[in-house]
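Input: a single structure, listed below in structure tokens.
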Number of protein chains: 2
Amino acid sequence: MRRPEELRAAVEEYLGSLALATELGGLEDAVRYALDPGGKRIRPMLCLAVTEAAGGGIEEALPAAAAVELVHTFSLVHDDLPALDDDAERRGRPSVHVAFDEAVAVLAGDALLAEALRLALSYDDPGIARELIGATLGMIGGQFRDVTGDDADLAEVERLKTGRLFAAAVGLGLRVARVPEAEQGTWRAFGDELGLLFQVVDDVLDGDGFVRRLGVEGARALAAESAGRTRDRLAAISADTSVLRALVEELAGRTE
Amino acid sequence: MRRPEELRAAVEEYLGSLALATELGGLEDAVRYALDPGGKRIRPMLCLAVTEAAGGGIEEALPAAAAVELVHTFSLVHDDLPALDDDAERRGRPSVHVAFDEAVAVLAGDALLAEALRLALSYDDPGIARELIGATLGMIGGQFRDVTGDDADLAEVERLKTGRLFAAAVGLGLRVARVPEAEQGTWRAFGDELGLLFQVVDDVLDGDGFVRRLGVEGARALAAESAGRTRDRLAAISADTSVLRALVEELAGRTE
């Protein structure tokens with residue numbers, strides 16, 4: 001079993017040497033800029049860790065793991081646009097629309113989504129691409145609710161915006177490891193809760209989302225409950241989940 | 001063999017009753033607005049006509065044909081954005097970013113691309129989604145060259161922006177009809193030339209692209225040459241291509 005840092009290194013190496021469609025031409029620069037190191041790579045690490053815990057091989061899982069990260073990156077590039085969240089910085093660097101321009105950022109986001117699907121479609125099993133596209137549609141729906149202020153049901157918005165892609169990271173790992181659907185339930189329940197945990201911790205760090213609804217103490221309490229449920233769900237899985245446990249603790253305890 | 005108008009009606013009916021992912025929520029309005037009748041539906045009609053000429057069934061081809069139209073519509077919604085072509089109208093109606101707003105237009109374009117892939121992934125054959133995503137990446141690369149003025153090789157830009165999706169419409173029709181790859185060459189050569197013909201006629205009507213490079217007369221001459229080659233390539237296909245011939249004449253002779 002590889003440690004989290006080894007998984008992160010495998011993700012970085014794979015993304016760094018990823019061959020993009022040659023027809024993208026000069027747009028490749030903006031796509032690579034968006035994908036540059038600096039991200040936490042939580043989603044692809046989760047995908048790899050699930051694959052390995054479920055008895056599959058990391059090498060086979062790397063395209064799926066990268067596909068999840070590309071969908072995540074696509075969403076960040078479009079979310080940062082002036083018409084959406086209008087964020088000029090991302091991970092301490094100018095966002096894509098600032099480093100390049102808005103037109104290039106729109107197209108770079110489009111290319112990231114398309115490349116993600118190309119990676120997912122490199123498998124014989126079309127279920128991998130199907131699961132990824134379903135999660136992507138949910139994520140876009142969550143972003144729409146967020147942008148338009150249609151967020152009365154905050155838990156649902158965050159389940160869509162964040163949870164769907166976390167769940168897909170787990171689901172893709174299970175598919176790569178060829179875990180029969182009948183045995184996927186406990187794993188998927190873990191993934192759903194982990195997505196919530198990630199989002200609540202994120203909100204506590206950023207002071208928004210659940211913090212605005214529940215106050216800081218309320219959000220911290222929710223994070224603690226969710227961390228407990230995540231550990232319980234992980235314990236219910238019949239496999240060596242030690243690396244996943246380390247990932248959970250990293251997420252639960254993060255301070256940035 | 002169904003006539004072009006019957007194919008167009010089949011496309012409209014299918015698109016009109018298309019079930020979108022429920023998680024898109026209120027974003028569905030903008031997606032449906034973008035897909036509303038008014039488009040020429042050339043690409044999906046081409047896909048259906050190829051399927052039928054190659055011995056396949058229209059019903060089975062409709063999701064693939066619709067997927068091609070959704071990719072085309074996604075590209076229009078993003079191209080119309082202020083940061084790109086800044087077109088306030090499309091088909092005589094306000095563009096999506098005017099009818100809704102820019103944020104919704106970005107997300108509606110994203111959703112159209114994702115829904116297109118979902119449709120393409122409804123087939124057992126993952127080759128259908130693979131061909132569509134390859135064409136989409138080429139189209140995005142063409143749009144990048146167009147937006148950034150990296151269009152020294154105009155024929156290449158137009159092959160990417162327009163030709164790739166025309167070629168995919170033909171390719172998807174062949175795949176749905178299960179035409180062996182070894183027998184696809186003549187069909188694909190026809191699709192490539194038809195994409196060029198469409199684009200040159202479009203440029204003549206709009207007074208841009210090839211008209212700016214070759215002058216009106218030069219572009220008209222190129223259109224006539226391309227129409228001749230398209231007919232020749234169609235004649236080289238061993239099948240009843242009468243409906244495709246009618247489509248070619250419709251495209252070659254269009255005045256709007």
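We name chains A, B, ... following the order of the structure tokens; residues begin at 1 in each chain, and ligands are numbered from 1 as shown.
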Which residues of chain A come within 7 Å of chain B, and for each one, what is the closest pair of atoms and their distance in Å to one decimal, counting only C-alpha atoms, sorted by chain and residue number, as JSON lines?
{"residue": "A:Ala21", "atom": "CA", "partner": "B:Leu137", "partner_atom": "CA", "distance": 6.9}
{"residue": "A:Glu23", "atom": "CA", "partner": "B:Gly138", "partner_atom": "CA", "distance": 5.1}
{"residue": "A:Leu24", "atom": "CA", "partner": "B:Gly141", "partner_atom": "CA", "distance": 4.0}
{"residue": "A:Gly25", "atom": "CA", "partner": "B:Gly141", "partner_atom": "CA", "distance": 6.1}
{"residue": "A:Leu27", "atom": "CA", "partner": "B:Phe144", "partner_atom": "CA", "distance": 6.5}
{"residue": "A:Ala83", "atom": "CA", "partner": "B:Ala103", "partner_atom": "CA", "distance": 5.1}
{"residue": "A:Leu84", "atom": "CA", "partner": "B:Ala103", "partner_atom": "CA", "distance": 5.3}
{"residue": "A:Glu102", "atom": "CA", "partner": "B:Ala83", "partner_atom": "CA", "distance": 5.8}
{"residue": "A:Ala103", "atom": "CA", "partner": "B:Ala83", "partner_atom": "CA", "distance": 5.1}
{"residue": "A:Leu107", "atom": "CA", "partner": "B:Ile140", "partner_atom": "CA", "distance": 6.6}
{"residue": "A:Ala111", "atom": "CA", "partner": "B:Leu137", "partner_atom": "CA", "distance": 6.4}
{"residue": "A:Ala114", "atom": "CA", "partner": "B:Ile133", "partner_atom": "CA", "distance": 6.2}
{"residue": "A:Arg118", "atom": "CA", "partner": "B:Ile133", "partner_atom": "CA", "distance": 6.4}
{"residue": "A:Leu121", "atom": "CA", "partner": "B:Arg130", "partner_atom": "CA", "distance": 6.4}
{"residue": "A:Pro126", "atom": "CA", "partner": "B:Pro126", "partner_atom": "CA", "distance": 5.9}
{"residue": "A:Arg130", "atom": "CA", "partner": "B:Leu121", "partner_atom": "CA", "distance": 6.3}
{"residue": "A:Ile133", "atom": "CA", "partner": "B:Ala114", "partner_atom": "CA", "distance": 6.2}
{"residue": "A:Leu137", "atom": "CA", "partner": "B:Ala114", "partner_atom": "CA", "distance": 6.4}
{"residue": "A:Gly138", "atom": "CA", "partner": "B:Glu23", "partner_atom": "CA", "distance": 5.1}
{"residue": "A:Ile140", "atom": "CA", "partner": "B:Leu107", "partner_atom": "CA", "distance": 6.6}
{"residue": "A:Gly141", "atom": "CA", "partner": "B:Leu24", "partner_atom": "CA", "distance": 4.0}
{"residue": "A:Phe144", "atom": "CA", "partner": "B:Leu27", "partner_atom": "CA", "distance": 6.5}
Which polymer residues have any atom within 12 Å of an atom of Pro63 in chain B, counting only C-alpha atoms, with same-chain residues fewer than 4 positions away left out, as a PyMOL selection string?
chain B and resi 10-11+13-15+17-19+44-45+47-48+57-59+67-70+115-123+128-129+169+172-173+176
Please list as a tab-separated table (two decimals) with N, CA and C atoms, in the first residue's frame every residue within 9 Å of Arg90 in chain A, counting only C-alpha atoms and excluding residues in the same chain fewer than 4 positions away.
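Saved to selection37.tsv:
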chain	number	residue	atom	x	y	z
A	76	LEU	N	-12.96	24.85	-11.59
A	76	LEU	CA	-12.29	26.01	-10.97
A	76	LEU	C	-12.05	27.12	-12.00
A	80	ASP	N	-13.84	30.75	-11.57
A	80	ASP	CA	-13.04	31.94	-11.29
A	80	ASP	C	-13.35	33.10	-12.24
A	94	PRO	N	-2.07	34.10	-10.28
A	94	PRO	CA	-3.18	34.65	-11.05
A	94	PRO	C	-4.05	33.52	-11.62
A	95	SER	N	-5.37	33.68	-11.57
A	95	SER	CA	-6.25	32.68	-12.18
A	95	SER	C	-6.02	32.68	-13.70
A	96	VAL	N	-6.57	31.68	-14.35
A	96	VAL	CA	-6.32	31.52	-15.79
A	96	VAL	C	-6.77	32.75	-16.57
Using only C-alpha atoms, which of A:Leu174, A:Leu7, A:Ala221, A:Leu234 sits nearest Thr186 in chain A?
A:Leu234
Do a neighbour search on Arg93 in chain B at 12 Å with only C-alpha atoms, toss out local chain neighbours closer than 6 positions, and write the hits as a ChimeraX atom specification.
/B:33-34,36-39,87,99
Taking the chain letters and numbering used in this document, name the residues of range 27-202 of chain B that DSSP puts in strand (DSSP E), as number ranges by chain.
B: 89-90, 93-94
A straight line from CA of Ile42 in chain B to CA of Asp192 in chain B spans 14.4 Å
If you count only C-alpha atoms, which residues fall within 12 Å of Asp202 in chain B, apart from same-chain ones fewer than 2 positions away, as a ChimeraX atom specification?
/B:158,162,195-200,204-211,216,219-220,223,251-256
Run DSSP on the backbone of this structure and report the residues of range 1-103 of chain A it assigns to alpha helix (DSSP H), as a ChimeraX atom specification.
/A:4-16,28-35,42-53,58-79,96-99,102-103
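For the atom pair formed by CA of Thr230 in chain A and CA of Leu194 in chain A, the distance is 5.9 Å, given to one decimal.
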Work out how far CA of Ala88 in chain B is from CA of Ala65 in chain B, in Å to one decimal.
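These two atoms are separated by 27.3 Å.
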From the options A:Gly163, A:Val50, A:Glu183, A:Arg41, which residue's atoms come nearest to Ala66 in chain A, counting only C-alpha atoms?
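The shortest atom-to-atom distance to Ala66 in chain A comes from A:Arg41.
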Residues within 8 Å of Arg188 in chain B, only C-alpha atoms, excluding chain neighbours under 6 positions, as a list of chain:residue names
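The contact residues come out as B:Ala167, B:Val170, B:Gly171.
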Go ahead and write the selection's residues with N, CA and C atoms as a PDB file, in the first residue's frame.
ATOM      1  N   ALA B 167     -17.359  15.803 -39.716  1.00  0.00           N
ATOM      2  CA  ALA B 167     -16.769  14.471 -39.877  1.00  0.00           C
ATOM      3  C   ALA B 167     -17.294  13.521 -38.795  1.00  0.00           C
ATOM      4  N   VAL B 170     -20.756  12.195 -39.577  1.00  0.00           N
ATOM      5  CA  VAL B 170     -20.675  11.061 -40.500  1.00  0.00           C
ATOM      6  C   VAL B 170     -20.156   9.822 -39.761  1.00  0.00           C
ATOM      7  N   GLY B 171     -19.082  10.000 -38.996  1.00  0.00           N
ATOM      8  CA  GLY B 171     -18.475   8.873 -38.288  1.00  0.00           C
ATOM      9  C   GLY B 171     -19.436   8.217 -37.307  1.00  0.00           C
TER      10      GLY B 171
END
